[in-house]
Every structure is written in structure tokens, then in C-alpha cells.
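> Shown below is the structure under consideration.
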Amino acid sequence: MALWQGDSKRKSTGGRLRHRAKKKRREIGRETIAVAIGEDKNAVIRVTGGNFKMRSFKASSCSVIGSDGKSYKTRILDVVENMADPHLVRRDVITKGAIIQTELGRVRVTSRPGQVGMVQGVLVEEKDKK
């Protein structure tokens, strides 16, 4: 089933709106992608204006901004917490705002991996160095 991202049939006050035109193909949205932990799997899709967008289905690594301000590429180990939906943690689904465990420590995801094609995040808690 297609997702329609056009105007609503109702005003914010609850009154009915008259349609200005028919539904257009450009107003159709796409299903969301649940990005899982695994071997990298990406797809390139065409978007409005002939541009391209990278979508990620599975991710194994993450680009992390450390406390020193430098960027590091590290391996994703596990999804620890997700405020959006606790069930996504059990399924190891990575979304924006999720807390993931990496080799460097816990990282909060700042990118939208299903739309950007990669996982980016900020270091929240460093791993103890012994």
C-alpha cells in the first residue's frame, strides 16, 4: 500500500477542506526501513529532481564523534536502548536517537540510517580503559 504525503482532508480546526487537485505521484512516500546490525547492505534510490539517496538495510560500522571532537570509525556491537520503542532493542533495529554499544563505548545515533545510508553518532559513555 502506498503512503500518501499530501494535504489532509481537514483543517486544523476540524473543518473540511476542498481538494485543490488530484493526488500526484510525487506525493507518494516510501515505507520506513528498519536498519539492523549485520554485514553492510545499502541501496541507491532515485528521489525527486533526479537526485539519489542512499538507503541502508544493515550496518556493521558507525562513524563516531569522540569527546575530543575527532571522528572515529568503529564496529557496532549491540543496540542497548531506544526511547522510540523498546521492541526495537530486541530486534537490534537502529534508529535516530538509539543508544548503541560500540568498541569505543556507548553512542547515541544522530543520523537517520534508513535515509542517509550510514550510521553516525556521538559518544555518550566511553569504555573503561584498563
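Residue numbering restarts at 1 for every chain of the C-alpha cells, chains are lettered A, B, ... in their displayed order, and ligands are numbered from 1 as they appear.
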Please identify all polymer residues within 10 Å of Lys96 of chain A, counting only C-alpha atoms, omitting same-chain residues fewer than 5 positions from it, and present them as number ranges by chain.

A: 82-84, 108-114, 119-121

> Dump all heavy atoms for the selected residues as an mmCIF file, in the first residue's frame?


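Below is the file that was written, result.cif:
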```
data_model
loop_
_atom_site.group_PDB
_atom_site.id
_atom_site.type_symbol
_atom_site.label_atom_id
_atom_site.label_comp_id
_atom_site.auth_asym_id
_atom_site.auth_seq_id
_atom_site.Cartn_x
_atom_site.Cartn_y
_atom_site.Cartn_z
ATOM 1 N N ASN A 82 16.451 2.274 23.157
ATOM 2 C CA ASN A 82 15.768 3.046 22.122
ATOM 3 C C ASN A 82 14.511 3.651 22.736
ATOM 4 O O ASN A 82 13.569 2.930 23.068
ATOM 5 C CB ASN A 82 15.412 2.168 20.923
ATOM 6 C CG ASN A 82 15.066 2.979 19.717
ATOM 7 O OD1 ASN A 82 14.517 4.063 19.830
ATOM 8 N ND2 ASN A 82 15.396 2.473 18.549
ATOM 9 N N MET A 83 14.517 4.965 22.913
ATOM 10 C CA MET A 83 13.393 5.648 23.550
ATOM 11 C C MET A 83 12.133 5.623 22.692
ATOM 12 O O MET A 83 11.030 5.708 23.205
ATOM 13 C CB MET A 83 13.768 7.102 23.876
ATOM 14 C CG MET A 83 14.914 7.229 24.863
ATOM 15 S SD MET A 83 14.561 6.518 26.455
ATOM 16 C CE MET A 83 13.444 7.745 27.103
ATOM 17 N N ALA A 84 12.298 5.489 21.375
ATOM 18 C CA ALA A 84 11.148 5.488 20.478
ATOM 19 C C ALA A 84 10.279 4.256 20.695
ATOM 20 O O ALA A 84 9.054 4.357 20.747
ATOM 21 C CB ALA A 84 11.606 5.555 19.024
ATOM 22 N N ARG A 108 25.142 7.601 20.968
ATOM 23 C CA ARG A 108 23.781 7.994 20.601
ATOM 24 C C ARG A 108 23.759 8.297 19.110
ATOM 25 O O ARG A 108 24.534 9.124 18.624
ATOM 26 C CB ARG A 108 23.318 9.217 21.398
ATOM 27 C CG ARG A 108 21.825 9.511 21.168
ATOM 28 C CD ARG A 108 21.334 10.715 21.948
ATOM 29 N NE ARG A 108 21.799 11.937 21.310
ATOM 30 C CZ ARG A 108 22.664 12.790 21.828
ATOM 31 N NH1 ARG A 108 23.214 12.565 22.999
ATOM 32 N NH2 ARG A 108 23.021 13.875 21.178
ATOM 33 N N VAL A 109 22.870 7.657 18.372
ATOM 34 C CA VAL A 109 22.793 7.807 16.914
ATOM 35 C C VAL A 109 22.174 9.162 16.587
ATOM 36 O O VAL A 109 21.104 9.515 17.090
ATOM 37 C CB VAL A 109 21.964 6.661 16.289
ATOM 38 C CG1 VAL A 109 21.847 6.834 14.789
ATOM 39 C CG2 VAL A 109 22.570 5.317 16.627
ATOM 40 N N THR A 110 22.856 9.936 15.725
ATOM 41 C CA THR A 110 22.372 11.263 15.352
ATOM 42 C C THR A 110 21.883 11.326 13.908
ATOM 43 O O THR A 110 21.240 12.290 13.519
ATOM 44 C CB THR A 110 23.482 12.315 15.539
ATOM 45 O OG1 THR A 110 24.626 11.921 14.780
ATOM 46 C CG2 THR A 110 23.856 12.446 16.999
ATOM 47 N N SER A 111 22.195 10.295 13.121
ATOM 48 C CA SER A 111 21.758 10.285 11.717
ATOM 49 C C SER A 111 20.508 9.430 11.566
ATOM 50 O O SER A 111 20.108 8.722 12.486
ATOM 51 C CB SER A 111 22.864 9.730 10.823
ATOM 52 O OG SER A 111 23.074 8.359 11.114
ATOM 53 N N ARG A 112 19.898 9.521 10.390
ATOM 54 C CA ARG A 112 18.753 8.659 10.075
ATOM 55 C C ARG A 112 19.257 7.610 9.095
ATOM 56 O O ARG A 112 19.248 7.844 7.883
ATOM 57 C CB ARG A 112 17.628 9.496 9.473
ATOM 58 C CG ARG A 112 17.121 10.550 10.450
ATOM 59 C CD ARG A 112 16.090 11.426 9.822
ATOM 60 N NE ARG A 112 14.850 10.710 9.640
ATOM 61 C CZ ARG A 112 13.766 11.214 9.072
ATOM 62 N NH1 ARG A 112 13.798 12.439 8.610
ATOM 63 N NH2 ARG A 112 12.679 10.512 8.944
ATOM 64 N N PRO A 113 19.718 6.453 9.590
ATOM 65 C CA PRO A 113 20.401 5.479 8.736
ATOM 66 C C PRO A 113 19.565 4.974 7.566
ATOM 67 O O PRO A 113 20.105 4.649 6.521
ATOM 68 C CB PRO A 113 20.760 4.342 9.682
ATOM 69 C CG PRO A 113 20.238 4.677 11.005
ATOM 70 C CD PRO A 113 19.637 6.023 10.972
ATOM 71 N N GLY A 114 18.254 4.930 7.716
ATOM 72 C CA GLY A 114 17.399 4.473 6.621
ATOM 73 C C GLY A 114 17.327 5.469 5.487
ATOM 74 O O GLY A 114 16.907 5.133 4.379
ATOM 75 N N VAL A 119 25.484 5.044 9.582
ATOM 76 C CA VAL A 119 25.180 5.328 10.983
ATOM 77 C C VAL A 119 26.224 6.298 11.514
ATOM 78 O O VAL A 119 27.426 6.037 11.425
ATOM 79 C CB VAL A 119 25.177 4.034 11.819
ATOM 80 C CG1 VAL A 119 24.829 4.341 13.266
ATOM 81 C CG2 VAL A 119 24.201 3.028 11.242
ATOM 82 N N GLN A 120 25.762 7.425 12.043
ATOM 83 C CA GLN A 120 26.639 8.421 12.643
ATOM 84 C C GLN A 120 26.157 8.671 14.058
ATOM 85 O O GLN A 120 24.956 8.601 14.325
ATOM 86 C CB GLN A 120 26.607 9.729 11.859
ATOM 87 C CG GLN A 120 27.102 9.579 10.441
ATOM 88 C CD GLN A 120 26.851 10.833 9.621
ATOM 89 O OE1 GLN A 120 25.934 11.595 9.895
ATOM 90 N NE2 GLN A 120 27.667 11.034 8.604
ATOM 91 N N GLY A 121 27.081 8.971 14.963
ATOM 92 C CA GLY A 121 26.669 9.175 16.336
ATOM 93 C C GLY A 121 27.666 9.968 17.146
ATOM 94 O O GLY A 121 28.758 10.301 16.687
#
```

> Quick one: residues within 9 Å of segment 27-44 of chain A, only C-alpha atoms, excluding same-chain residues fewer than 5 positions away - as a PyMOL selection string?

chain A and resi 2-6+52-61+76-79+88+91-95+113-115+117-118

> So the first atom is atom CA of Val89 of chain A and the second is atom CA of Lys127 of chain A; what is the distance between them in Å, to one decimal place?

20.4 Å

> Write out as a ChimeraX atom specification all residues of segment 9-91 of chain A that backbone DSSP assigns to helix (DSSP H, G or I).

/A:25-27,48-50,87-90

> Include C-alpha atoms and write out the residues we just selected as an mmCIF file, in the first residue's frame.


```cif
data_model
loop_
_atom_site.group_PDB
_atom_site.id
_atom_site.type_symbol
_atom_site.label_atom_id
_atom_site.label_comp_id
_atom_site.auth_asym_id
_atom_site.auth_seq_id
_atom_site.Cartn_x
_atom_site.Cartn_y
_atom_site.Cartn_z
ATOM 1 C CA ARG A 25 2.649 10.581 -7.895
ATOM 2 C CA ARG A 26 5.260 12.852 -6.322
ATOM 3 C CA GLU A 27 3.210 12.895 -3.088
ATOM 4 C CA THR A 48 12.560 13.989 -6.627
ATOM 5 C CA GLY A 49 14.540 16.095 -9.077
ATOM 6 C CA GLY A 50 16.572 13.179 -10.396
ATOM 7 C CA HIS A 87 10.690 -3.560 20.974
ATOM 8 C CA LEU A 88 13.272 -2.194 18.507
ATOM 9 C CA VAL A 89 16.025 -3.076 21.007
ATOM 10 C CA ARG A 90 15.090 -6.772 20.928
#
```

> Quick one: DSSP strand (DSSP E) residues in chain A, as an MDAnalysis selection string?

chainID A and resid 3:4 28:29 35:37 41:46 52:59 61:65 71:81 93:94 99:102 105:109 120:126

> In Å to one decimal, how far is atom CA of Lys22 of chain A from atom CA of Arg10 of chain A?

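We find that atom CA of Arg10 of chain A and atom CA of Lys22 of chain A lie 15.7 Å from each other.
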
> Determine, counting only C-alpha atoms, which protein, DNA and RNA residues have an atom within 10 Å of an atom of Ser8 of chain A; residues of the same chain fewer than 4 positions away are not included. Present the result as a VMD selection string.

chain A and resid 4 12 16 to 19

> Just N, CA, C and O atoms for this one: save the residues we selected as a CSV table (one decimal), in the first residue's frame.


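So the final result, stored in again.csv, reads:
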```
chain,number,residue,atom,x,y,z
A,4,TRP,N,0.6,8.1,1.3
A,4,TRP,CA,0.4,9.4,0.7
A,4,TRP,C,0.8,10.5,1.6
A,4,TRP,O,0.3,10.6,2.8
A,12,SER,N,-7.0,22.5,10.5
A,12,SER,CA,-6.5,22.3,11.9
A,12,SER,C,-7.7,22.5,12.9
A,12,SER,O,-7.7,21.9,14.0
A,16,ARG,N,-13.8,20.9,7.0
A,16,ARG,CA,-13.4,20.1,5.8
A,16,ARG,C,-12.8,21.0,4.8
A,16,ARG,O,-13.2,22.2,4.6
A,17,LEU,N,-11.7,20.5,4.1
A,17,LEU,CA,-11.0,21.3,3.1
A,17,LEU,C,-11.5,20.8,1.7
A,17,LEU,O,-11.8,19.6,1.5
A,18,ARG,N,-11.6,21.7,0.8
A,18,ARG,CA,-11.9,21.3,-0.6
A,18,ARG,C,-10.5,21.0,-1.3
A,18,ARG,O,-9.6,21.7,-1.1
A,19,HIS,N,-10.5,19.9,-2.1
A,19,HIS,CA,-9.3,19.5,-2.7
A,19,HIS,C,-8.9,20.5,-3.8
A,19,HIS,O,-9.8,20.9,-4.6
```
